[in-house]
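Source file: work.txt; contents: compact mmCIF, C-alpha atoms.
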```
# COMPACT_ATOMS: atom_id res chain seq x y z
CA MET O 1 -56.89 43.78 0.57
CA GLN O 2 -54.28 42.77 -2.00
CA ALA O 3 -53.45 39.11 -1.42
CA PRO O 4 -49.70 38.65 -0.83
CA LYS O 5 -47.72 35.88 -2.51
CA TYR O 6 -46.45 33.44 0.09
CA GLU O 7 -43.58 30.97 -0.04
CA TYR O 8 -44.70 27.68 1.49
CA THR O 9 -42.27 25.72 3.68
CA PHE O 10 -42.50 21.95 4.15
CA HIS O 11 -42.54 20.57 7.72
CA SER O 12 -42.88 16.96 8.87
CA PHE O 13 -43.37 15.47 12.34
CA TRP O 14 -43.82 12.18 14.16
CA ILE O 15 -46.64 12.16 16.73
CA GLU O 16 -46.50 9.39 19.35
CA SER O 17 -48.80 8.40 22.19
CA PRO O 18 -48.93 5.46 24.61
CA GLN O 19 -52.26 4.20 23.26
CA HIS O 20 -51.80 4.65 19.49
CA PRO O 21 -49.08 3.83 16.97
CA LYS O 22 -46.76 6.54 15.74
CA ARG O 23 -48.27 8.70 12.99
CA LYS O 24 -46.78 11.14 10.52
CA VAL O 25 -48.08 14.68 9.96
CA ASN O 26 -46.92 16.83 7.03
CA VAL O 27 -47.57 20.57 6.84
CA LEU O 28 -47.00 23.11 4.07
CA SER O 29 -47.25 26.55 5.62
CA PRO O 30 -46.22 30.09 4.65
CA PHE O 31 -45.75 30.99 8.33
CA PRO O 32 -43.32 28.89 10.43
CA GLU O 33 -44.99 30.16 13.62
CA ALA O 34 -48.33 28.71 12.41
CA VAL O 35 -46.96 25.17 12.29
CA GLU O 36 -47.61 24.59 16.00
CA PHE O 37 -51.33 25.11 15.37
CA ALA O 38 -51.22 22.73 12.39
CA ILE O 39 -49.76 19.81 14.37
CA HIS O 40 -52.62 19.80 16.88
CA PRO O 41 -51.39 17.02 19.23
CA ALA O 42 -53.50 15.60 22.06
CA PRO O 43 -52.34 16.23 25.65
CA ASP O 44 -50.80 12.74 25.93
CA GLU O 45 -49.04 12.87 22.52
CA HIS O 46 -45.38 13.62 21.96
CA VAL O 47 -44.25 15.54 18.83
CA THR O 48 -40.86 14.89 17.21
CA PRO O 49 -39.61 16.66 14.06
CA ARG O 50 -38.64 14.27 11.28
CA LYS O 51 -36.47 14.79 8.21
CA ALA O 52 -38.59 14.27 5.12
CA THR O 53 -37.11 12.60 2.07
CA LEU O 54 -36.46 14.59 -1.07
CA SER O 55 -39.23 12.72 -2.91
CA GLU O 56 -41.73 13.62 -0.15
CA GLN O 57 -40.82 17.28 -0.37
CA LEU O 58 -41.02 17.34 -4.16
CA TRP O 59 -44.35 15.52 -4.11
CA ALA O 60 -45.74 17.93 -1.51
CA ARG O 61 -44.62 20.99 -3.47
CA PHE O 62 -45.78 19.92 -6.91
CA PHE O 63 -48.88 17.84 -6.18
CA ASN O 64 -50.40 19.66 -3.18
CA SER O 65 -52.15 22.65 -4.70
CA GLU O 66 -53.12 25.76 -2.74
CA ARG O 67 -56.61 25.05 -4.04
CA PRO O 68 -58.17 22.48 -1.67
CA SER O 69 -60.72 19.95 -2.84
CA LYS O 70 -64.41 20.77 -2.63
CA SER O 71 -64.93 18.02 -0.05
CA GLU O 72 -62.21 19.55 2.17
CA LEU O 73 -63.83 22.98 1.97
CA ILE O 74 -67.29 21.59 2.65
CA ASP O 75 -66.03 19.65 5.68
CA PHE O 76 -64.26 22.77 6.98
CA PHE O 77 -67.24 25.13 6.65
CA GLU O 78 -69.71 22.54 7.88
CA GLY O 79 -67.52 21.83 10.91
CA LEU O 80 -67.11 25.55 11.57
CA ARG O 81 -70.88 26.03 11.46
CA ARG O 82 -71.47 23.20 13.94
CA CYS O 83 -68.80 24.44 16.34
CA LEU O 84 -70.26 27.97 16.33
CA LYS O 85 -73.77 26.58 16.84
CA ILE O 86 -72.73 24.85 20.08
CA GLY O 87 -71.19 28.05 21.41
CA LEU O 88 -67.47 27.75 20.64
CA SER O 89 -65.55 30.84 19.59
CA ILE O 90 -64.20 31.12 16.04
CA LEU O 91 -60.61 30.54 17.23
CA GLU O 92 -61.61 27.46 19.24
CA SER O 93 -63.59 26.16 16.25
CA ILE O 94 -60.72 26.59 13.79
CA ASP O 95 -58.30 24.99 16.24
CA MET O 96 -60.55 21.91 16.36
CA LEU O 97 -60.87 21.76 12.56
CA VAL O 98 -57.19 21.58 11.64
CA ASP O 99 -57.34 17.78 11.55
CA SER O 100 -60.20 17.88 9.03
CA ALA O 101 -57.69 18.94 6.34
CA LYS O 102 -56.67 16.04 4.13
CA SER O 103 -53.78 17.79 2.39
CA PRO O 104 -50.64 19.29 4.00
CA THR O 105 -51.28 22.62 2.24
CA PHE O 106 -54.83 23.08 3.52
CA ARG O 107 -53.69 22.05 7.00
CA GLY O 108 -51.12 24.85 6.80
CA ILE O 109 -53.72 27.33 5.50
CA ILE O 110 -56.14 26.60 8.35
CA ALA O 111 -53.30 26.99 10.86
CA SER O 112 -52.29 30.27 9.18
CA ILE O 113 -55.86 31.57 9.48
CA HIS O 114 -55.76 30.70 13.18
CA LEU O 115 -52.46 32.59 13.55
CA LYS O 116 -53.64 35.71 11.69
CA MET O 117 -56.87 35.83 13.68
CA LYS O 118 -54.86 35.72 16.89
CA GLU O 119 -52.91 38.68 15.52
CA GLY O 120 -56.12 40.68 14.95
CA ASP O 121 -57.59 39.68 11.57
CA THR O 122 -61.25 38.80 11.21
CA LEU O 123 -62.09 35.44 9.65
CA SER O 124 -62.83 37.02 6.26
CA GLN O 125 -59.61 39.06 6.34
CA ALA O 126 -57.56 35.97 7.17
CA MET O 127 -59.22 34.01 4.34
CA GLU O 128 -58.63 36.89 1.95
CA ARG O 129 -54.90 36.18 2.25
CA PHE O 130 -55.49 32.87 0.43
CA PRO O 131 -57.54 33.66 -2.72
CA LYS O 132 -56.70 30.31 -4.33
CA ALA O 133 -58.21 28.43 -1.40
CA PHE O 134 -61.36 30.50 -0.84
CA ASP O 135 -63.63 31.89 -3.54
CA PRO O 136 -64.36 35.64 -3.46
CA PHE O 137 -68.08 34.97 -3.00
CA VAL O 138 -67.32 32.93 0.15
CA ILE O 139 -65.11 35.68 1.57
CA ALA O 140 -67.71 38.38 0.81
CA SER O 141 -70.49 36.29 2.37
CA ILE O 142 -68.48 35.73 5.55
CA ALA O 143 -67.50 39.43 5.75
CA ALA O 144 -71.16 40.46 5.50
CA ALA O 145 -72.18 37.82 8.06
CA GLU O 146 -69.49 38.99 10.50
CA GLU O 147 -70.85 42.52 10.22
CA ALA O 148 -74.46 41.36 10.66
CA GLY O 149 -73.63 38.85 13.41
CA ASN O 150 -75.24 35.85 11.67
CA LEU O 151 -72.14 33.83 10.73
CA PRO O 152 -73.60 30.33 11.47
CA GLU O 153 -76.63 31.00 9.25
CA SER O 154 -74.43 32.30 6.44
CA LEU O 155 -72.12 29.29 6.73
CA ASP O 156 -75.20 27.10 6.37
CA LYS O 157 -76.04 28.83 3.07
CA ILE O 158 -72.43 28.60 1.87
CA THR O 159 -72.09 24.87 2.62
CA TYR O 160 -75.43 24.15 0.96
CA ALA O 161 -74.38 26.03 -2.20
CA MET O 162 -71.02 24.24 -2.26
CA ASN O 163 -72.66 20.85 -1.67
CA GLN O 164 -75.05 21.38 -4.57
CA ALA O 165 -72.23 22.43 -6.91
CA ASN O 166 -70.16 19.43 -5.81
CA GLN O 167 -73.05 17.04 -6.40
CA LEU O 168 -73.53 18.41 -9.92
CA LYS O 169 -69.83 17.97 -10.65
CA LYS O 170 -69.86 14.39 -9.35
CA LYS O 171 -72.91 13.57 -11.46
CA LEU O 172 -71.26 14.96 -14.57
CA ILE O 173 -68.03 13.02 -13.93
CA ALA O 174 -69.96 9.82 -13.21
CA GLY O 175 -71.90 10.29 -16.44
CA LEU O 176 -68.69 10.58 -18.45
CA VAL O 177 -66.89 7.58 -16.88
CA TYR O 178 -68.41 4.94 -19.17
CA PRO O 179 -67.84 6.91 -22.41
CA GLY O 180 -64.29 7.58 -21.20
CA ILE O 181 -63.65 3.86 -20.67
CA VAL O 182 -64.96 3.04 -24.14
CA VAL O 183 -62.78 5.71 -25.76
CA THR O 184 -59.72 4.50 -23.83
CA MET O 185 -60.31 0.91 -24.93
CA GLY O 186 -60.70 2.02 -28.54
CA ILE O 187 -57.45 3.98 -28.41
CA GLY O 188 -55.75 0.96 -26.85
CA VAL O 189 -56.89 -1.26 -29.74
CA VAL O 190 -55.57 1.20 -32.33
CA VAL O 191 -52.22 1.48 -30.51
CA LEU O 192 -51.97 -2.32 -30.27
CA LEU O 193 -52.58 -2.66 -34.00
CA SER O 194 -49.94 0.02 -34.63
CA PHE O 195 -47.31 -2.11 -32.89
CA THR O 196 -48.34 -5.54 -34.25
CA LEU O 197 -50.52 -6.06 -37.31
CA ILE O 198 -49.78 -2.89 -39.31
CA PRO O 199 -45.94 -3.26 -39.29
CA ALA O 200 -46.26 -6.93 -40.30
CA THR O 201 -48.49 -6.03 -43.24
CA ALA O 202 -46.10 -3.29 -44.40
CA ASN O 203 -43.18 -5.77 -44.27
CA ASN O 204 -45.07 -8.21 -46.49
CA PHE O 205 -45.47 -5.57 -49.19
CA THR O 206 -41.77 -4.70 -48.93
CA LYS O 207 -40.69 -8.37 -49.30
CA PHE O 208 -42.70 -8.86 -52.46
CA GLY O 209 -41.69 -5.48 -53.93
CA ALA O 210 -45.31 -4.34 -54.21
CA ASN O 211 -46.58 -0.82 -53.82
CA ILE O 212 -48.72 -0.19 -50.78
CA PRO O 213 -52.08 1.44 -51.64
CA TRP O 214 -52.35 5.09 -50.59
CA TYR O 215 -54.97 4.47 -47.91
CA SER O 216 -52.89 1.69 -46.34
CA LEU O 217 -49.78 3.86 -46.59
CA ALA O 218 -51.55 6.63 -44.66
CA VAL O 219 -52.48 4.22 -41.86
CA ALA O 220 -48.96 2.74 -41.85
CA ASN O 221 -47.42 6.23 -41.57
CA ALA O 222 -49.71 7.09 -38.67
CA ALA O 223 -48.73 3.84 -36.96
CA THR O 224 -45.04 4.66 -37.53
CA ILE O 225 -45.50 8.02 -35.81
CA ILE O 226 -47.15 6.31 -32.82
CA ARG O 227 -44.35 3.72 -32.58
CA THR O 228 -41.58 6.30 -33.02
CA TYR O 229 -42.78 9.02 -30.68
CA TRP O 230 -44.59 7.01 -27.98
CA TRP O 231 -41.99 8.26 -25.49
CA ALA O 232 -43.38 11.81 -25.80
CA VAL O 233 -46.67 10.83 -24.13
CA PRO O 234 -45.40 10.45 -20.50
CA PRO O 235 -43.61 13.84 -20.49
CA MET O 236 -46.75 15.48 -21.88
CA LEU O 237 -48.87 13.94 -19.10
CA ILE O 238 -46.36 15.01 -16.45
CA ALA O 239 -46.25 18.53 -17.90
CA ALA O 240 -50.06 18.68 -17.84
CA VAL O 241 -49.99 17.84 -14.11
CA LEU O 242 -47.14 20.19 -13.20
CA PHE O 243 -48.50 23.09 -15.27
CA ARG O 244 -52.18 22.47 -14.70
CA GLU O 245 -52.98 26.13 -13.97
CA PRO O 246 -52.53 27.20 -17.65
CA VAL O 247 -54.57 24.16 -18.72
CA VAL O 248 -57.41 25.11 -16.36
CA LYS O 249 -57.20 28.74 -17.52
CA ALA O 250 -57.40 27.67 -21.16
CA TRP O 251 -60.40 25.45 -20.38
CA HIS O 252 -62.26 28.41 -18.85
CA SER O 253 -61.39 30.75 -21.70
CA ASN O 254 -64.20 32.40 -23.67
CA VAL O 255 -63.35 30.48 -26.84
CA VAL O 256 -63.61 27.04 -25.21
CA GLN O 257 -66.74 27.87 -23.20
CA ARG O 258 -68.55 29.29 -26.23
CA SER O 259 -67.56 26.20 -28.22
CA LEU O 260 -69.03 23.93 -25.53
CA VAL O 261 -72.30 25.85 -25.57
CA LYS O 262 -72.57 25.42 -29.34
CA THR O 263 -71.95 21.66 -29.18
CA PRO O 264 -75.39 20.09 -29.76
CA ILE O 265 -75.16 17.27 -27.19
CA LEU O 266 -73.25 19.13 -24.48
CA SER O 267 -75.06 22.46 -24.87
CA PRO O 268 -78.08 21.70 -22.59
CA VAL O 269 -75.81 20.40 -19.82
CA VAL O 270 -73.31 23.29 -20.04
CA ARG O 271 -76.08 25.89 -20.08
CA GLY O 272 -77.89 24.23 -17.18
CA LEU O 273 -74.75 24.05 -15.06
CA ALA O 274 -73.79 27.67 -15.80
CA LEU O 275 -77.25 29.02 -15.07
CA SER O 276 -77.66 27.07 -11.83
CA ARG O 277 -74.23 28.28 -10.65
CA VAL O 278 -75.14 31.91 -11.41
CA LEU O 279 -78.51 31.77 -9.65
CA ARG O 280 -77.14 29.88 -6.64
CA THR O 281 -74.22 32.30 -6.23
CA ILE O 282 -76.26 35.49 -6.34
CA GLY O 283 -78.97 33.98 -4.13
CA THR O 284 -76.39 32.94 -1.53
CA LEU O 285 -74.66 36.33 -1.56
CA LEU O 286 -77.90 38.31 -1.17
CA GLY O 287 -79.08 35.86 1.50
CA CYS O 288 -75.86 36.40 3.47
CA GLY O 289 -76.40 40.15 3.45
CA VAL O 290 -73.86 41.17 0.80
CA ASP O 291 -74.81 44.45 -0.90
CA VAL O 292 -76.42 44.31 -4.35
CA ARG O 293 -73.50 45.80 -6.30
CA THR O 294 -70.92 43.42 -4.79
CA SER O 295 -73.26 40.44 -5.16
CA PHE O 296 -73.68 40.99 -8.88
CA GLN O 297 -69.97 41.71 -9.41
CA LEU O 298 -68.91 38.51 -7.66
CA THR O 299 -71.57 36.47 -9.47
CA ALA O 300 -70.41 37.79 -12.84
CA ALA O 301 -66.82 36.88 -11.95
CA ALA O 302 -67.87 33.37 -10.90
CA ALA O 303 -70.16 32.78 -13.89
CA GLY O 304 -67.48 30.89 -15.83
CA HIS O 305 -69.12 31.67 -19.17
CA PRO O 306 -69.07 34.93 -21.16
CA ASP O 307 -72.78 34.84 -22.06
CA TYR O 308 -73.87 34.45 -18.44
CA ARG O 309 -71.33 37.04 -17.32
CA LYS O 310 -72.92 39.50 -19.74
CA TYR O 311 -76.39 38.43 -18.53
CA ILE O 312 -75.54 39.25 -14.90
CA ASP O 313 -73.66 42.46 -15.74
CA ASN O 314 -76.61 43.79 -17.75
CA ILE O 315 -79.12 42.91 -15.01
CA ALA O 316 -76.91 44.63 -12.43
CA LYS O 317 -76.91 47.84 -14.47
CA HIS O 318 -80.72 47.83 -14.64
CA VAL O 319 -81.14 47.10 -10.91
CA LEU O 320 -78.60 49.75 -9.87
CA ASN O 321 -80.38 52.26 -12.14
CA GLY O 322 -83.57 51.72 -10.15
CA ASP O 323 -85.41 49.01 -12.09
CA GLU O 324 -87.27 46.25 -10.28
CA TYR O 325 -85.66 42.83 -10.34
CA TYR O 326 -88.49 41.53 -12.50
CA GLU O 327 -87.96 44.28 -15.09
CA ALA O 328 -84.19 43.77 -15.11
CA PHE O 329 -84.42 39.99 -15.61
CA LEU O 330 -87.17 40.42 -18.19
CA ARG O 331 -85.09 42.81 -20.32
CA GLU O 332 -82.17 40.40 -20.51
CA ARG O 333 -84.09 37.13 -20.83
CA HIS O 334 -82.98 36.66 -24.46
CA LEU O 335 -79.37 36.06 -23.33
CA VAL O 336 -80.18 32.73 -21.64
CA GLY O 337 -82.66 31.25 -24.12
CA LYS O 338 -85.95 29.66 -23.13
CA ASP O 339 -85.11 29.71 -19.40
CA GLY O 340 -85.00 33.52 -19.39
CA GLN O 341 -88.77 34.01 -19.37
CA ARG O 342 -89.29 31.48 -16.56
CA ILE O 343 -86.65 33.21 -14.44
CA ALA O 344 -88.27 36.60 -15.05
CA ASN O 345 -91.66 35.20 -14.00
CA TYR O 346 -90.19 33.90 -10.75
CA MET O 347 -88.58 37.29 -10.12
CA LEU O 348 -92.01 38.93 -10.42
CA ILE O 349 -93.08 36.81 -7.43
CA GLY O 350 -89.88 37.78 -5.60
CA SER O 351 -90.47 41.47 -6.28
CA LYS O 352 -93.92 41.21 -4.71
CA THR O 353 -92.86 39.17 -1.67
CA GLY O 354 -89.60 41.06 -1.17
CA ASP O 355 -87.60 37.85 -0.63
CA ILE O 356 -85.38 37.85 -3.71
CA SER O 357 -82.81 35.50 -2.16
CA ALA O 358 -85.39 32.74 -1.51
CA ILE O 359 -86.72 33.01 -5.07
CA LEU O 360 -83.22 32.78 -6.54
CA ASP O 361 -82.48 29.73 -4.38
CA SER O 362 -85.72 28.15 -5.57
CA LEU O 363 -84.79 28.87 -9.19
CA ALA O 364 -81.33 27.41 -8.63
CA ASN O 365 -82.93 24.22 -7.27
CA VAL O 366 -85.11 23.93 -10.37
CA GLN O 367 -82.11 24.45 -12.66
CA GLU O 368 -80.00 21.94 -10.72
CA GLU O 369 -82.71 19.27 -10.91
CA ASP O 370 -82.94 19.90 -14.65
CA ALA O 371 -79.14 19.70 -14.93
CA PHE O 372 -79.17 16.42 -12.96
CA ARG O 373 -81.65 14.89 -15.42
CA LYS O 374 -79.69 16.06 -18.45
CA THR O 375 -76.42 14.78 -16.97
CA GLU O 376 -77.93 11.34 -16.33
CA LYS O 377 -79.08 11.16 -19.97
CA LEU O 378 -75.67 12.19 -21.31
CA PRO O 379 -74.04 8.70 -21.31
CA LYS O 380 -77.03 7.21 -23.15
CA ILE O 381 -76.73 9.88 -25.84
CA LEU O 382 -72.94 9.69 -26.14
CA GLU O 383 -72.65 5.87 -26.12
CA PRO O 384 -73.97 5.13 -29.64
CA ILE O 385 -72.05 8.09 -31.11
CA ILE O 386 -68.77 7.00 -29.52
CA MET O 387 -69.33 3.37 -30.50
CA ALA O 388 -70.05 4.37 -34.10
CA ALA O 389 -66.95 6.59 -34.22
CA LEU O 390 -64.72 3.85 -32.76
CA ALA O 391 -66.18 1.26 -35.10
CA GLY O 392 -65.43 3.57 -38.01
CA VAL O 393 -61.82 4.17 -36.94
CA ILE O 394 -61.10 0.51 -36.22
CA GLY O 395 -62.93 -0.48 -39.41
CA ILE O 396 -60.76 1.87 -41.50
CA VAL O 397 -57.61 0.47 -39.88
CA MET O 398 -58.64 -3.14 -40.44
CA ALA O 399 -59.76 -2.48 -44.02
CA SER O 400 -56.45 -0.72 -44.75
CA VAL O 401 -54.64 -3.83 -43.53
CA TYR O 402 -56.69 -6.73 -44.88
CA LEU O 403 -57.88 -5.42 -48.27
CA PRO O 404 -54.33 -4.80 -49.55
CA THR O 405 -53.29 -8.19 -48.13
CA LEU O 406 -55.95 -9.88 -50.24
CA LEU O 407 -54.81 -7.92 -53.32
CA LEU O 408 -51.21 -8.92 -52.61
CA ALA O 409 -52.20 -12.58 -52.26
CA GLN O 410 -53.97 -12.45 -55.65
CA GLU O 411 -50.88 -10.97 -57.30
CA VAL O 412 -48.67 -13.67 -55.81
CA ILE O 413 -50.99 -16.42 -57.07
CA LYS O 414 -51.06 -14.90 -60.59
CA ASN O 415 -47.26 -14.71 -60.78
CA ARG O 416 -46.71 -18.36 -59.89
```
Represent the supplied structure as C-alpha cells.
Amino acid sequence: MQAPKYEYTFHSFWIESPQHPKRKVNVLSPFPEAVEFAIHPAPDEHVTPRKATLSEQLWARFFNSERPSKSELIDFFEGLRRCLKIGLSILESIDMLVDSAKSPTFRGIIASIHLKMKEGDTLSQAMERFPKAFDPFVIASIAAAEEAGNLPESLDKITYAMNQANQLKKKLIAGLVYPGIVVTMGIGVVVLLSFTLIPATANNFTKFGANIPWYSLAVANAATIIRTYWWAVPPMLIAAVLFREPVVKAWHSNVVQRSLVKTPILSPVVRGLALSRVLRTIGTLLGCGVDVRTSFQLTAAAAGHPDYRKYIDNIAKHVLNGDEYYEAFLRERHLVGKDGQRIANYMLIGSKTGDISAILDSLANVQEEDAFRKTEKLPKILEPIIMAALAGVIGIVMASVYLPTLLLAQEVIKNR
C-alpha cells in the first residue's frame, strides 16, 4: 500500500480529576476523529480543550518528528506483547498503550492506528500508513505473524532485535562522549584566544609599525574570521535541527558510509555494527515467518551500507536460484572480510539443522558482542590521537603569538 502524506493538526487539552492536579496533554494527529483515543482519560477525569500558545504549536510542529525514539517504539511493542499475552484484543491493547507515548506525534500515531483498525485495517496495514514511524521490516514481520497467528511471539523477536540495536547505539554514543568533551574544550580554548590574546598581539605589531610574520598573520586572519562571523553559527545549528532529514540522508549516503569503513580506527566498529544489523534483521524476519524473497529485500534496504547491501542481494540471488544457504554465504564471503568464512561455517550448521533463523540470531549475538568490545575500546584509542591533535593546534596558535612577540621585543630593545 502506498503510504499517504498526512497533514498533522495540533490539539491540546486539560485533564482534571478530584484526586490529581490538572495535567496537560498535547496531541499531533492527522485524523481529528482519532484525538478522542489519544486523550485516554480515566472515568473520573474531566477533559477541557485548551488554546495552545503559538510557541507551543511551533515547537510541536518543528521538533516533534514523525519518527519516534527507539525507546518509545520498544515500550510500545513490549507493552503490546504483554497485553496480548494476558488475553486482551489488539484494539484493547493499543487503547491501553496510548499513554506510553512520550511525544505528541507518537501519541497521535497510536490513536490513528486504533482508529484505522476500528475501520477495518489490520495492525500491519494501519502501521503501513506511517512509514516514518515503523520500519518496513517491522511491518512485514507483523503482517506475517498476523497471517500465521503468532503475533505475541513475533513481537517478542521484534522487541529483542530493537533492544539489541538500541543498546549498541547507546554504547557507541557513550564511547564518544569523552572524546566529544575534549574536542569541545579544545575548540573553546581556540575561540577564547581568537577573541583575547591574538587581537592584542596583532595590535602591538601595528603600534610599532612592524610586519607580522606570515604564520602569525595566518592565525590572526583565522581569528578575525571567527570574530567577524560568529553570528553565523546559531543559524547554522538551527538550520541543522529544522532540516535534519537531508543531514541524516547525507550521513547514510554511499560516499559517507564507504569513507567510514575505510577509516582505520572506525572501520572495525562500523563493519561490526553493519554486519550485526544485517544478520539480526534477516534472522528476525525469517523467524517471524516472512518469505525468503521479502526477507532479503527488506534486509538489503535496512543494511545502511552499500557493501552489505550488495552482500545480501548477491546471497538472495543464489538462494532464490536453488543454492543452499551455506553455499550462498560461502560464495559471497569475500564481501565482508574475515567474518565471511565464520558466517558461512555457521550457515552449514543451519542448513543441516534446518533452523536458519536461530543460527542467524546466534551469529548476530556474536557480532554484537564483538561490536560491544570494539566500541568500549574506541575512547581509549581516540583519546591520545585527539589530545595530540589539540595540543598541536593550540601549540601552533601559541607559537604564532609568542614567538613574534619575542622578536618584536628584541627589535624594540635594539632601537632604543
Interatomic distance between CA of Val397 in chain O and CA of Val219 in chain O? 6.7 Å
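Atom to atom, CA of Lys249 in chain O and CA of His305 in chain O stand 12.4 Å apart.
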Extract, using all atoms listed in the file, all DNA, RNA and protein residues at most 12 Å from Lys380 in chain O, discarding same-chain residues fewer than 2 positions from it, and format them as a JSON list (two decimals) with C-alpha atoms, keeping the file's coordinate frame.
```
[["chain", "number", "residue", "atom", "x", "y", "z"],
["O", 175, "GLY", "CA", -71.90, 10.29, -16.44],
["O", 176, "LEU", "CA", -68.69, 10.58, -18.45],
["O", 177, "VAL", "CA", -66.89, 7.58, -16.88],
["O", 178, "TYR", "CA", -68.41, 4.94, -19.17],
["O", 179, "PRO", "CA", -67.84, 6.91, -22.41],
["O", 265, "ILE", "CA", -75.16, 17.27, -27.19],
["O", 373, "ARG", "CA", -81.65, 14.89, -15.42],
["O", 374, "LYS", "CA", -79.69, 16.06, -18.45],
["O", 375, "THR", "CA", -76.42, 14.78, -16.97],
["O", 376, "GLU", "CA", -77.93, 11.34, -16.33],
["O", 377, "LYS", "CA", -79.08, 11.16, -19.97],
["O", 378, "LEU", "CA", -75.67, 12.19, -21.31],
["O", 382, "LEU", "CA", -72.94, 9.69, -26.14],
["O", 383, "GLU", "CA", -72.65, 5.87, -26.12],
["O", 384, "PRO", "CA", -73.97, 5.13, -29.64],
["O", 385, "ILE", "CA", -72.05, 8.09, -31.11],
["O", 386, "ILE", "CA", -68.77, 7.00, -29.52],
["O", 387, "MET", "CA", -69.33, 3.37, -30.50]]
```
Please provide the set of residues having any atom within 8 Å of range 351-367 of chain O, restricted to only C-alpha atoms, with same-chain residues fewer than 2 positions apart removed, written as an MDAnalysis selection string. chainID O and resid 272:273 275:277 279:280 282:284 286:287 324:326 343 346:349 369:371
Taking all atoms listed in the file into account, produce a table as JSON lines in which each residue of range 279-310 of chain O with an atom at most 12 Å from an atom of range 142-152 of chain O appears once, together with its shortest atom pair and the distance in Å to one decimal, ordered by chain and rising number.
```
{"residue": "O:Thr284", "atom": "CA", "partner": "O:Ile142", "partner_atom": "CA", "distance": 11.0}
{"residue": "O:Leu285", "atom": "CA", "partner": "O:Ala144", "partner_atom": "CA", "distance": 8.9}
{"residue": "O:Leu286", "atom": "CA", "partner": "O:Ala144", "partner_atom": "CA", "distance": 9.7}
{"residue": "O:Gly287", "atom": "CA", "partner": "O:Ala145", "partner_atom": "CA", "distance": 9.7}
{"residue": "O:Cys288", "atom": "CA", "partner": "O:Ala145", "partner_atom": "CA", "distance": 6.1}
{"residue": "O:Gly289", "atom": "CA", "partner": "O:Ala144", "partner_atom": "CA", "distance": 5.6}
{"residue": "O:Val290", "atom": "CA", "partner": "O:Ala144", "partner_atom": "CA", "distance": 5.5}
{"residue": "O:Asp291", "atom": "CA", "partner": "O:Ala144", "partner_atom": "CA", "distance": 8.4}
{"residue": "O:Val292", "atom": "CA", "partner": "O:Ala144", "partner_atom": "CA", "distance": 11.8}
{"residue": "O:Thr294", "atom": "CA", "partner": "O:Ala144", "partner_atom": "CA", "distance": 10.7}
{"residue": "O:Ser295", "atom": "CA", "partner": "O:Ala144", "partner_atom": "CA", "distance": 10.9}
```
Quick one: residues within 12 Å of Ala274 in chain O, only C-alpha atoms, excluding same-chain residues fewer than 2 positions away - as a ChimeraX atom specification? /O:165,168-169,252,257-258,260-261,267-272,276-281,299-300,302-309,311-312,336,364,367-368,371
Which residue gives the smallest distance to Phe13 in chain O among O:Pro49, O:Gly322, O:Gly186, O:Pro41, with only C-alpha atoms counted? O:Pro49
CA of Trp230 in chain O and CA of Ala389 in chain O, how far apart in Å?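 Between CA of Ala389 in chain O and CA of Trp230 in chain O the gap is 23.2 Å.
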Pick from O:Leu97, O:Lys310, O:Asn203, O:Asn166, whichever lies nearest to Leu84 in chain O using only C-alpha atoms: O:Leu97
Kindly indicate which residue among O:Gly87, O:Gly392, O:Pro21, O:Pro104 lies nearest to Val35 in chain O, using all atoms listed in the file for the distances.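 The answer is O:Pro104, which sits nearest to Val35 in chain O.
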Closest to Ile94 in chain O among O:Val47, O:Leu266, O:Leu320, O:Ala38, using only C-alpha atoms? O:Ala38
